[in-house]
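Beneath this line is the structure, given in structure tokens, with notes to follow.
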Amino acid sequence: MYRCSACGAFNRVAEGHTGEPICGRCKRPLDTSGAPQAVNAEALARAAASSPVPVVVDVWAPWCPPCRAVSPVLDQIAKERRGKVVVLKVNSDESPLPHLGIQAIPTFLIYKGGREIDRKSGALPKHLLDAWIAESAAAG
Ligand SMILES: [Zn+2]
């Protein structure tokens, strides 16, 4: 399942699909690389509420060295798990999330079935972050 970065719609793309996938709603090209997508608070809320697959959110800020360190790690994980999870990034300077009560950054949140099922703060090595995402995505 892939989120359209243009309109936010979720699209199913058949395995072995050839040609460039197009979003069913807005007809724009659909990014199926699995790469994290930058969203604001409103787009995050809509995606978390409507995604058919688990949503992993990276709440980060440009001035935060651990955020910058973990960013390429999350990027790799997102691409490896493409289609199975949707990875979003919220720049907390540009789009504050006071309603989420985030105490530290980076904070990772996992949404499933429209609700937050887990969160974790701090940069993690790839195998730990990936294992946490896999466990959380399978639970709940
Ligand atoms: Zn679209």
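Every chain in the structure tokens takes a letter, A first, then B, and so on in the order presented; its residues are numbered from 1, and the ligands are numbered from 1 following the presented order.
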Apply DSSP to the structure's backbone, then extract all residues of chain A labelled helix (DSSP H, G or I) and return them as an mmCIF file with N, CA and C atoms, in the first residue's frame.
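Everything below was put into out_26.cif:
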```cif
data_model
loop_
_atom_site.group_PDB
_atom_site.id
_atom_site.type_symbol
_atom_site.label_atom_id
_atom_site.label_comp_id
_atom_site.auth_asym_id
_atom_site.auth_seq_id
_atom_site.Cartn_x
_atom_site.Cartn_y
_atom_site.Cartn_z
ATOM 1 N N ALA A 41 1.231 18.341 10.404
ATOM 2 C CA ALA A 41 0.414 17.714 11.441
ATOM 3 C C ALA A 41 -0.928 17.250 10.891
ATOM 4 N N GLU A 42 -1.508 18.053 10.013
ATOM 5 C CA GLU A 42 -2.827 17.723 9.482
ATOM 6 C C GLU A 42 -2.766 16.484 8.581
ATOM 7 N N ALA A 43 -1.763 16.447 7.708
ATOM 8 C CA ALA A 43 -1.622 15.296 6.811
ATOM 9 C C ALA A 43 -1.295 14.036 7.605
ATOM 10 N N LEU A 44 -0.525 14.212 8.685
ATOM 11 C CA LEU A 44 -0.226 13.069 9.554
ATOM 12 C C LEU A 44 -1.511 12.517 10.159
ATOM 13 N N ALA A 45 -2.355 13.403 10.674
ATOM 14 C CA ALA A 45 -3.594 12.952 11.311
ATOM 15 C C ALA A 45 -4.469 12.211 10.315
ATOM 16 N N ARG A 46 -4.552 12.743 9.091
ATOM 17 C CA ARG A 46 -5.379 12.079 8.075
ATOM 18 C C ARG A 46 -4.804 10.724 7.698
ATOM 19 N N ALA A 47 -3.475 10.667 7.532
ATOM 20 C CA ALA A 47 -2.847 9.398 7.139
ATOM 21 C C ALA A 47 -2.992 8.364 8.250
ATOM 22 N N ALA A 48 -2.771 8.791 9.502
ATOM 23 C CA ALA A 48 -2.853 7.856 10.620
ATOM 24 C C ALA A 48 -4.269 7.298 10.741
ATOM 25 N N ALA A 49 -5.259 8.138 10.441
ATOM 26 C CA ALA A 49 -6.652 7.712 10.586
ATOM 27 C C ALA A 49 -7.093 6.795 9.453
ATOM 28 N N SER A 50 -6.483 6.933 8.275
ATOM 29 C CA SER A 50 -7.039 6.227 7.119
ATOM 30 C C SER A 50 -6.125 5.165 6.525
ATOM 31 N N PRO A 65 21.157 16.695 16.079
ATOM 32 C CA PRO A 65 22.111 15.747 15.465
ATOM 33 C C PRO A 65 21.636 14.287 15.465
ATOM 34 N N PRO A 66 21.051 13.774 16.551
ATOM 35 C CA PRO A 66 20.575 12.385 16.473
ATOM 36 C C PRO A 66 19.510 12.191 15.391
ATOM 37 N N CYS A 67 18.701 13.230 15.155
ATOM 38 C CA CYS A 67 17.691 13.143 14.091
ATOM 39 C C CYS A 67 18.365 12.971 12.741
ATOM 40 N N ARG A 68 19.427 13.756 12.534
ATOM 41 C CA ARG A 68 20.133 13.673 11.244
ATOM 42 C C ARG A 68 20.827 12.327 11.110
ATOM 43 N N ALA A 69 21.314 11.805 12.242
ATOM 44 C CA ALA A 69 22.018 10.519 12.203
ATOM 45 C C ALA A 69 21.073 9.375 11.854
ATOM 46 N N VAL A 70 19.863 9.417 12.384
ATOM 47 C CA VAL A 70 18.949 8.290 12.205
ATOM 48 C C VAL A 70 18.182 8.393 10.886
ATOM 49 N N SER A 71 18.196 9.572 10.274
ATOM 50 C CA SER A 71 17.404 9.777 9.062
ATOM 51 C C SER A 71 17.740 8.792 7.927
ATOM 52 N N PRO A 72 19.035 8.596 7.589
ATOM 53 C CA PRO A 72 19.326 7.641 6.515
ATOM 54 C C PRO A 72 18.992 6.197 6.894
ATOM 55 N N VAL A 73 19.039 5.911 8.192
ATOM 56 C CA VAL A 73 18.691 4.566 8.679
ATOM 57 C C VAL A 73 17.199 4.308 8.441
ATOM 58 N N LEU A 74 16.394 5.294 8.818
ATOM 59 C CA LEU A 74 14.954 5.152 8.619
ATOM 60 C C LEU A 74 14.626 5.088 7.132
ATOM 61 N N ASP A 75 15.359 5.848 6.354
ATOM 62 C CA ASP A 75 15.169 5.839 4.914
ATOM 63 C C ASP A 75 15.351 4.429 4.340
ATOM 64 N N GLN A 76 16.420 3.771 4.786
ATOM 65 C CA GLN A 76 16.683 2.390 4.320
ATOM 66 C C GLN A 76 15.568 1.441 4.739
ATOM 67 N N ILE A 77 15.182 1.542 6.015
ATOM 68 C CA ILE A 77 14.136 0.650 6.523
ATOM 69 C C ILE A 77 12.840 0.873 5.746
ATOM 70 N N ALA A 78 12.512 2.133 5.510
ATOM 71 C CA ALA A 78 11.269 2.470 4.811
ATOM 72 C C ALA A 78 11.251 1.842 3.421
ATOM 73 N N LYS A 79 12.392 1.891 2.745
ATOM 74 C CA LYS A 79 12.450 1.331 1.389
ATOM 75 C C LYS A 79 12.390 -0.198 1.426
ATOM 76 N N GLU A 80 13.043 -0.797 2.436
ATOM 77 C CA GLU A 80 13.004 -2.257 2.547
ATOM 78 C C GLU A 80 11.595 -2.751 2.881
ATOM 79 N N PRO A 98 1.741 19.632 19.537
ATOM 80 C CA PRO A 98 1.566 19.719 20.996
ATOM 81 C C PRO A 98 0.607 18.670 21.545
ATOM 82 N N HIS A 99 -0.374 18.265 20.724
ATOM 83 C CA HIS A 99 -1.380 17.298 21.189
ATOM 84 C C HIS A 99 -0.794 15.909 21.396
ATOM 85 N N LEU A 100 0.409 15.667 20.868
ATOM 86 C CA LEU A 100 0.992 14.324 21.009
ATOM 87 C C LEU A 100 1.890 14.201 22.235
ATOM 88 N N LYS A 126 20.216 0.550 13.242
ATOM 89 C CA LYS A 126 19.226 0.064 12.281
ATOM 90 C C LYS A 126 18.518 -1.216 12.726
ATOM 91 N N HIS A 127 19.283 -2.192 13.222
ATOM 92 C CA HIS A 127 18.638 -3.482 13.526
ATOM 93 C C HIS A 127 17.613 -3.332 14.650
ATOM 94 N N LEU A 128 17.874 -2.429 15.591
ATOM 95 C CA LEU A 128 16.925 -2.240 16.693
ATOM 96 C C LEU A 128 15.685 -1.475 16.234
ATOM 97 N N LEU A 129 15.911 -0.440 15.446
ATOM 98 C CA LEU A 129 14.767 0.327 14.943
ATOM 99 C C LEU A 129 13.896 -0.552 14.040
ATOM 100 N N ASP A 130 14.546 -1.332 13.204
ATOM 101 C CA ASP A 130 13.807 -2.202 12.287
ATOM 102 C C ASP A 130 13.024 -3.264 13.056
ATOM 103 N N ALA A 131 13.665 -3.846 14.076
ATOM 104 C CA ALA A 131 12.989 -4.887 14.876
ATOM 105 C C ALA A 131 11.781 -4.295 15.611
ATOM 106 N N TRP A 132 11.950 -3.093 16.131
ATOM 107 C CA TRP A 132 10.843 -2.442 16.836
ATOM 108 C C TRP A 132 9.673 -2.180 15.880
ATOM 109 N N ILE A 133 9.979 -1.700 14.688
ATOM 110 C CA ILE A 133 8.929 -1.439 13.704
ATOM 111 C C ILE A 133 8.228 -2.754 13.326
ATOM 112 N N ALA A 134 9.017 -3.806 13.113
ATOM 113 C CA ALA A 134 8.434 -5.084 12.730
ATOM 114 C C ALA A 134 7.518 -5.628 13.820
ATOM 115 N N GLU A 135 7.975 -5.558 15.080
ATOM 116 C CA GLU A 135 7.173 -6.068 16.198
ATOM 117 C C GLU A 135 5.908 -5.251 16.363
ATOM 118 N N SER A 136 6.050 -3.937 16.308
ATOM 119 C CA SER A 136 4.891 -3.075 16.515
ATOM 120 C C SER A 136 3.889 -3.229 15.382
ATOM 121 N N ALA A 137 4.403 -3.346 14.168
ATOM 122 C CA ALA A 137 3.509 -3.481 13.020
ATOM 123 C C ALA A 137 2.746 -4.792 13.076
ATOM 124 N N ALA A 138 3.377 -5.820 13.654
ATOM 125 C CA ALA A 138 2.724 -7.137 13.718
ATOM 126 C C ALA A 138 1.760 -7.204 14.907
#
```
(request) All residues within 10 Å of ligand 1 are required, counting only C-alpha atoms and all ligand atoms; please report them as number ranges by chain. (result) A: 3-11, 22-31
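Neighbouring residues of Pro62 (chain A) at 10 Å or closer, counting only C-alpha atoms and skipping chain neighbours under 6 positions away, are Arg68, Asn91, Ser92, Asp93 and Glu94 of chain A.
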(request) For CA of Leu88 (chain A) and CA of Thr107 (chain A), quote the distance in Å rounded to one decimal. (result)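 CA of Thr107 (chain A) lies 12.0 Å from CA of Leu88 (chain A).
Here the question is which of A:Asn40, A:Thr32, A:Thr18, A:Ser121 gets nearest to Lys89 (chain A) using only C-alpha atoms, and that residue is A:Asn40.
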(request) Find, counting only C-alpha atoms, the residue in A:Ala123, A:Met1, A:Val85, A:Ala38 that gets nearest to Pro21 (chain A). (result)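 Comparing A:Ala123, A:Met1, A:Val85, A:Ala38 against Pro21 (chain A), the winner is A:Met1.
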(request) Please return as a PyMOL selection string: the residues of region 6-87 of chain A that backbone DSSP assigns to strand (DSSP E). (result) chain A and resi 10-11+37-38+55-60+86-87
